[in-house]
Amino acid sequence: MANKLIGEIGLHKKISNIFAARNIITAKDALSMTEFELMELLDVGMKEIKSAIKLISEAASPPCQSARTLLERKVENEHLSGHLPTHLKGLDSTLCGGIPFGVLTELVGPPGIGKSQFCMKLALSASFPTAYGGLDGRVIYIDVESKFSSRRVIEMGLKSFPEVFHLKGMAQEMAGRILVLRPASLSDFTESIQELKDSILQNQVKLLVIDSMTALLSGENKPGAQRQHQLGWHISFLKSLAEFSRIPIVVTNQVRSQNRDETSQYSFQEKFKDGFQEHARTYDSHLVAALGINWAHAVTIRLVLEAKSGQRIIKVAKSPISPPLAFPFHITSAGISLLSDNGTELKGPGINTIHARGHSDMINFNEEV
């Protein structure tokens with residue numbers, strides 16, 4: 001709105017021409033100056049300046065809207081929204097239908113937990129006929145770590161939807177709707193997604209999967225500041241691509257170990273023996289999502305896949321439409337399946353804490369004094 005042209009705001013033609021003659025073209029140009037500066041530059045009276053600024057401010061500032069108005073507008077634009085079913089009943093119910101269109105959804109978890117399996121099942125769902133709960137479209141699957149398996153996708157389809165996949169030629173048709181790209185570098189990936197914007201609409205693409213964003217950035221031998229700058233550009237582009245195309249974009253993320261002293265919030269325990277500091281010191285440690293805080297703010301939905309006490313769990317850790325919930329799951333020949341459709345509500349640090357097999361909650365450092 002700040003870039004709205006002054007010539008389109010409805011000012012008196014004489015005043016509008018004076019603004020244009022002084023190269024004040026947009027609302028931002030005018031509102032960046034004081035009334036006295038404008039009066040001196042435009043050589044008009046204060047009354048005319050105040051009147052013009054009032055009109056420009058109203059045009060540049062969107063009006064306040066009630067919750068009812070926003071809801072009515074959402075209903076009017078319902079054809080632009082929607083969800084991709086995960087075919088996990090409890091999760092779909094929690095997310096009001098599945099993975100939402102037009103936003104970024106993140107799957108985060110340790111290696112081997114099932115992120116790629118989840119993505120392949122989503123790709124299958126997006127390519128399915130609408131009569132069977134799919135989106136009847138094509139899928140672009142950016143497979144950075146070469147984990148995509150056509151054989152596994154067909155196996156999932158045969159076990160999950162036998163009534164469809166046993167139809168003659170259906171398995172080949174569904175697999176043929178998934179286009180797999182394997183960029184060799186971040187620059188290749190950047191070039192690919194820039195070319196996608198137009199082809200997504202032209203080719204009835206209904207899902208974009210990036211597995212994984214972390215692997216793309218970790219391959220770049222650049223200083224941290226440059227990597228964050230690159231990540232920032234990709235965040236902005238992917239968000240705008242999701243909004244423009246109105247399709248779900250699903251991105252996987254990995255985890256890293258973080259000591260609490262990294263955030264200046266962790267307290268360590270020191271034991272003393274005979275007045276001297278003991279050799280062993282214990283530090284709290286936990287797993288967190290990689291890519292940092294800016295990425296965390298960019299995603300609308302964050303699903304955490306973890307292993308705790310021998311049980312795999314999917315957590316809805318971030319969602320504007322549901323409380324934090326956890327669902328136990330297992331992986332079968334049909335893909336990911338929930339053990340219960342009733343989620344357990346999470347509270348406190350358990351929402352963002354990530355557990356993994358083989359990771360110790362406490363890290364001991366033994367050093368000589």
# chains A, B, ... in the order shown; residues from 1 in each chain; ligands from 1
call {"tool": "residues_around", "arguments": {"residues": "region 82-96 of chain A", "least_positions_apart": "5", "cutoff": "8 Å", "atoms": "only C-alpha atoms", "output": "PyMOL selection string"}}
result
chain A and resi 101+121-122+125-126+133-135+248+319+321-322+327+337-338+340-343
call {"tool": "residues_around", "arguments": {"residues": "Leu186 (chain A)", "least_positions_apart": "3", "cutoff": "7 Å", "atoms": "only C-alpha atoms", "output": "ChimeraX atom specification"}}
result
/A:189-190,216-217
call {"tool": "select_by_dssp", "arguments": {"residues": "region 112-337 of chain A", "states": "helix (DSSP H, G or I)", "output": "PyMOL selection string"}}
result
chain A and resi 115-127+130-132+150-160+162-165+170-176+186-202+213-218+224-245+260-263+292-298
call {"tool": "closest_residue", "arguments": {"among": "A:Leu104, A:Val164, A:Val250, A:Leu208", "to": "Leu181 (chain A)", "atoms": "only C-alpha atoms"}}
result
A:Leu208
call {"tool": "select_by_dssp", "arguments": {"residues": "region 37-166 of chain A", "states": "strand (DSSP E or B)", "output": "list in words"}}
result
His83, Leu84, Ile99, Pro100, Leu104, Thr105, Glu106, Leu107, Val108, Arg138, Val139, Ile140, Tyr141, Ile142 and Asp143 of chain A
call {"tool": "write_last_selection", "arguments": {"atoms": "C-alpha atoms", "output": "PDB file, in the first residue's frame"}}
result
ATOM      1  CA  HIS A  83      -6.083 -28.932   2.126  1.00  0.00           C
ATOM      2  CA  LEU A  84      -4.115 -31.937   0.958  1.00  0.00           C
ATOM      3  CA  ILE A  99      -1.772 -29.928   4.774  1.00  0.00           C
ATOM      4  CA  PRO A 100      -3.052 -26.397   3.955  1.00  0.00           C
ATOM      5  CA  LEU A 104       4.901 -23.628   4.021  1.00  0.00           C
ATOM      6  CA  THR A 105       4.594 -26.845   6.020  1.00  0.00           C
ATOM      7  CA  GLU A 106       7.714 -28.243   7.652  1.00  0.00           C
ATOM      8  CA  LEU A 107       8.522 -31.827   8.633  1.00  0.00           C
ATOM      9  CA  VAL A 108      11.398 -31.895  11.110  1.00  0.00           C
ATOM     10  CA  ARG A 138       1.028 -33.439 -10.667  1.00  0.00           C
ATOM     11  CA  VAL A 139       3.761 -33.251  -8.038  1.00  0.00           C
ATOM     12  CA  ILE A 140       7.218 -31.681  -8.168  1.00  0.00           C
ATOM     13  CA  TYR A 141       9.465 -33.580  -5.776  1.00  0.00           C
ATOM     14  CA  ILE A 142      12.904 -32.015  -5.184  1.00  0.00           C
ATOM     15  CA  ASP A 143      14.905 -34.985  -3.929  1.00  0.00           C
TER      16      ASP A 143
END
call {"tool": "residues_around", "arguments": {"residues": "Val255 (chain A)", "least_positions_apart": "5", "cutoff": "6 Å", "atoms": "only C-alpha atoms", "output": "JSON, numbers by chain"}}
result
{"A": [109, 110, 288, 289, 290]}
call {"tool": "closest_residue", "arguments": {"among": "A:Ala356, A:Leu287, A:Leu42, A:Ala20", "to": "Ala307 (chain A)", "atoms": "only C-alpha atoms"}}
result
A:Ala356
call {"tool": "decode", "arguments": {"residues": "region 128-141 of chain A", "atoms": "all heavy atoms", "output": "PDB file, in the first residue's frame"}}
result
ATOM      1  N   PHE A 128      -3.510 -38.545  -6.678  1.00  0.00           N
ATOM      2  CA  PHE A 128      -4.685 -39.409  -6.707  1.00  0.00           C
ATOM      3  C   PHE A 128      -5.898 -38.712  -7.302  1.00  0.00           C
ATOM      4  O   PHE A 128      -6.056 -37.502  -7.182  1.00  0.00           O
ATOM      5  CB  PHE A 128      -5.022 -39.850  -5.281  1.00  0.00           C
ATOM      6  CG  PHE A 128      -4.838 -41.308  -5.051  1.00  0.00           C
ATOM      7  CD1 PHE A 128      -3.646 -41.912  -5.399  1.00  0.00           C
ATOM      8  CD2 PHE A 128      -5.851 -42.082  -4.518  1.00  0.00           C
ATOM      9  CE1 PHE A 128      -3.467 -43.264  -5.200  1.00  0.00           C
ATOM     10  CE2 PHE A 128      -5.677 -43.427  -4.315  1.00  0.00           C
ATOM     11  CZ  PHE A 128      -4.482 -44.024  -4.660  1.00  0.00           C
ATOM     12  N   PRO A 129      -6.818 -39.466  -7.934  1.00  0.00           N
ATOM     13  CA  PRO A 129      -8.083 -38.876  -8.415  1.00  0.00           C
ATOM     14  C   PRO A 129      -8.880 -38.279  -7.250  1.00  0.00           C
ATOM     15  O   PRO A 129      -8.841 -38.801  -6.128  1.00  0.00           O
ATOM     16  CB  PRO A 129      -8.814 -40.070  -9.025  1.00  0.00           C
ATOM     17  CG  PRO A 129      -7.743 -41.066  -9.350  1.00  0.00           C
ATOM     18  CD  PRO A 129      -6.704 -40.896  -8.296  1.00  0.00           C
ATOM     19  N   THR A 130      -9.597 -37.207  -7.516  1.00  0.00           N
ATOM     20  CA  THR A 130     -10.374 -36.544  -6.466  1.00  0.00           C
ATOM     21  C   THR A 130     -11.448 -37.464  -5.888  1.00  0.00           C
ATOM     22  O   THR A 130     -11.820 -37.339  -4.727  1.00  0.00           O
ATOM     23  CB  THR A 130     -11.032 -35.270  -7.011  1.00  0.00           C
ATOM     24  OG1 THR A 130     -11.778 -35.593  -8.200  1.00  0.00           O
ATOM     25  CG2 THR A 130      -9.988 -34.222  -7.359  1.00  0.00           C
ATOM     26  N   ALA A 131     -11.934 -38.395  -6.675  1.00  0.00           N
ATOM     27  CA  ALA A 131     -12.968 -39.315  -6.195  1.00  0.00           C
ATOM     28  C   ALA A 131     -12.469 -40.199  -5.066  1.00  0.00           C
ATOM     29  O   ALA A 131     -13.258 -40.744  -4.295  1.00  0.00           O
ATOM     30  CB  ALA A 131     -13.459 -40.184  -7.349  1.00  0.00           C
ATOM     31  N   TYR A 132     -11.149 -40.323  -4.961  1.00  0.00           N
ATOM     32  CA  TYR A 132     -10.561 -41.155  -3.904  1.00  0.00           C
ATOM     33  C   TYR A 132      -9.820 -40.317  -2.864  1.00  0.00           C
ATOM     34  O   TYR A 132      -8.951 -40.820  -2.158  1.00  0.00           O
ATOM     35  CB  TYR A 132      -9.614 -42.184  -4.524  1.00  0.00           C
ATOM     36  CG  TYR A 132     -10.317 -43.195  -5.392  1.00  0.00           C
ATOM     37  CD1 TYR A 132     -10.433 -42.992  -6.764  1.00  0.00           C
ATOM     38  CD2 TYR A 132     -10.896 -44.341  -4.851  1.00  0.00           C
ATOM     39  CE1 TYR A 132     -11.090 -43.910  -7.578  1.00  0.00           C
ATOM     40  CE2 TYR A 132     -11.553 -45.260  -5.656  1.00  0.00           C
ATOM     41  CZ  TYR A 132     -11.649 -45.046  -7.012  1.00  0.00           C
ATOM     42  OH  TYR A 132     -12.306 -45.954  -7.809  1.00  0.00           O
ATOM     43  N   GLY A 133     -10.155 -39.028  -2.782  1.00  0.00           N
ATOM     44  CA  GLY A 133      -9.570 -38.175  -1.754  1.00  0.00           C
ATOM     45  C   GLY A 133      -8.268 -37.526  -2.129  1.00  0.00           C
ATOM     46  O   GLY A 133      -7.571 -36.995  -1.253  1.00  0.00           O
ATOM     47  N   GLY A 134      -7.916 -37.542  -3.406  1.00  0.00           N
ATOM     48  CA  GLY A 134      -6.682 -36.900  -3.855  1.00  0.00           C
ATOM     49  C   GLY A 134      -6.945 -35.550  -4.487  1.00  0.00           C
ATOM     50  O   GLY A 134      -8.061 -35.022  -4.441  1.00  0.00           O
ATOM     51  N   LEU A 135      -5.905 -34.980  -5.101  1.00  0.00           N
ATOM     52  CA  LEU A 135      -6.032 -33.681  -5.761  1.00  0.00           C
ATOM     53  C   LEU A 135      -5.990 -33.792  -7.278  1.00  0.00           C
ATOM     54  O   LEU A 135      -6.132 -32.791  -7.970  1.00  0.00           O
ATOM     55  CB  LEU A 135      -4.907 -32.736  -5.293  1.00  0.00           C
ATOM     56  CG  LEU A 135      -4.857 -32.421  -3.795  1.00  0.00           C
ATOM     57  CD1 LEU A 135      -3.719 -31.437  -3.505  1.00  0.00           C
ATOM     58  CD2 LEU A 135      -6.185 -31.839  -3.307  1.00  0.00           C
ATOM     59  N   ASP A 136      -5.750 -35.035  -7.795  1.00  0.00           N
ATOM     60  CA  ASP A 136      -5.781 -35.281  -9.235  1.00  0.00           C
ATOM     61  C   ASP A 136      -4.838 -34.342  -9.987  1.00  0.00           C
ATOM     62  O   ASP A 136      -5.206 -33.769 -11.016  1.00  0.00           O
ATOM     63  CB  ASP A 136      -7.210 -35.138  -9.770  1.00  0.00           C
ATOM     64  CG  ASP A 136      -7.379 -35.830 -11.124  1.00  0.00           C
ATOM     65  OD1 ASP A 136      -6.580 -36.725 -11.426  1.00  0.00           O
ATOM     66  OD2 ASP A 136      -8.310 -35.449 -11.867  1.00  0.00           O
ATOM     67  N   GLY A 137      -3.632 -34.199  -9.462  1.00  0.00           N
ATOM     68  CA  GLY A 137      -2.689 -33.282 -10.086  1.00  0.00           C
ATOM     69  C   GLY A 137      -1.291 -33.872 -10.182  1.00  0.00           C
ATOM     70  O   GLY A 137      -1.065 -35.055  -9.898  1.00  0.00           O
ATOM     71  N   ARG A 138      -0.373 -33.032 -10.577  1.00  0.00           N
ATOM     72  CA  ARG A 138       1.028 -33.439 -10.667  1.00  0.00           C
ATOM     73  C   ARG A 138       1.782 -32.964  -9.416  1.00  0.00           C
ATOM     74  O   ARG A 138       1.328 -32.058  -8.715  1.00  0.00           O
ATOM     75  CB  ARG A 138       1.673 -32.881 -11.926  1.00  0.00           C
ATOM     76  CG  ARG A 138       1.150 -33.518 -13.209  1.00  0.00           C
ATOM     77  CD  ARG A 138       1.914 -33.009 -14.423  1.00  0.00           C
ATOM     78  NE  ARG A 138       1.566 -33.772 -15.618  1.00  0.00           N
ATOM     79  CZ  ARG A 138       0.560 -33.501 -16.416  1.00  0.00           C
ATOM     80  NH1 ARG A 138      -0.223 -32.463 -16.143  1.00  0.00           N
ATOM     81  NH2 ARG A 138       0.312 -34.239 -17.478  1.00  0.00           N
ATOM     82  N   VAL A 139       2.935 -33.567  -9.200  1.00  0.00           N
ATOM     83  CA  VAL A 139       3.761 -33.251  -8.038  1.00  0.00           C
ATOM     84  C   VAL A 139       5.183 -32.965  -8.501  1.00  0.00           C
ATOM     85  O   VAL A 139       5.720 -33.696  -9.352  1.00  0.00           O
ATOM     86  CB  VAL A 139       3.777 -34.425  -7.031  1.00  0.00           C
ATOM     87  CG1 VAL A 139       4.712 -34.123  -5.855  1.00  0.00           C
ATOM     88  CG2 VAL A 139       2.374 -34.726  -6.537  1.00  0.00           C
ATOM     89  N   ILE A 140       5.778 -31.929  -7.962  1.00  0.00           N
ATOM     90  CA  ILE A 140       7.218 -31.681  -8.168  1.00  0.00           C
ATOM     91  C   ILE A 140       7.918 -32.054  -6.870  1.00  0.00           C
ATOM     92  O   ILE A 140       7.649 -31.466  -5.818  1.00  0.00           O
ATOM     93  CB  ILE A 140       7.498 -30.225  -8.551  1.00  0.00           C
ATOM     94  CG1 ILE A 140       6.863 -29.912  -9.904  1.00  0.00           C
ATOM     95  CG2 ILE A 140       9.004 -29.966  -8.598  1.00  0.00           C
ATOM     96  CD1 ILE A 140       7.015 -28.476 -10.355  1.00  0.00           C
ATOM     97  N   TYR A 141       8.793 -33.032  -6.953  1.00  0.00           N
ATOM     98  CA  TYR A 141       9.465 -33.580  -5.776  1.00  0.00           C
ATOM     99  C   TYR A 141      10.971 -33.304  -5.924  1.00  0.00           C
ATOM    100  O   TYR A 141      11.637 -33.933  -6.733  1.00  0.00           O
ATOM    101  CB  TYR A 141       9.196 -35.088  -5.694  1.00  0.00           C
ATOM    102  CG  TYR A 141       9.465 -35.713  -4.342  1.00  0.00           C
ATOM    103  CD1 TYR A 141       8.427 -36.211  -3.572  1.00  0.00           C
ATOM    104  CD2 TYR A 141      10.764 -35.834  -3.856  1.00  0.00           C
ATOM    105  CE1 TYR A 141       8.664 -36.811  -2.344  1.00  0.00           C
ATOM    106  CE2 TYR A 141      11.008 -36.420  -2.625  1.00  0.00           C
ATOM    107  CZ  TYR A 141       9.950 -36.912  -1.875  1.00  0.00           C
ATOM    108  OH  TYR A 141      10.191 -37.507  -0.665  1.00  0.00           O
TER     109      TYR A 141
END
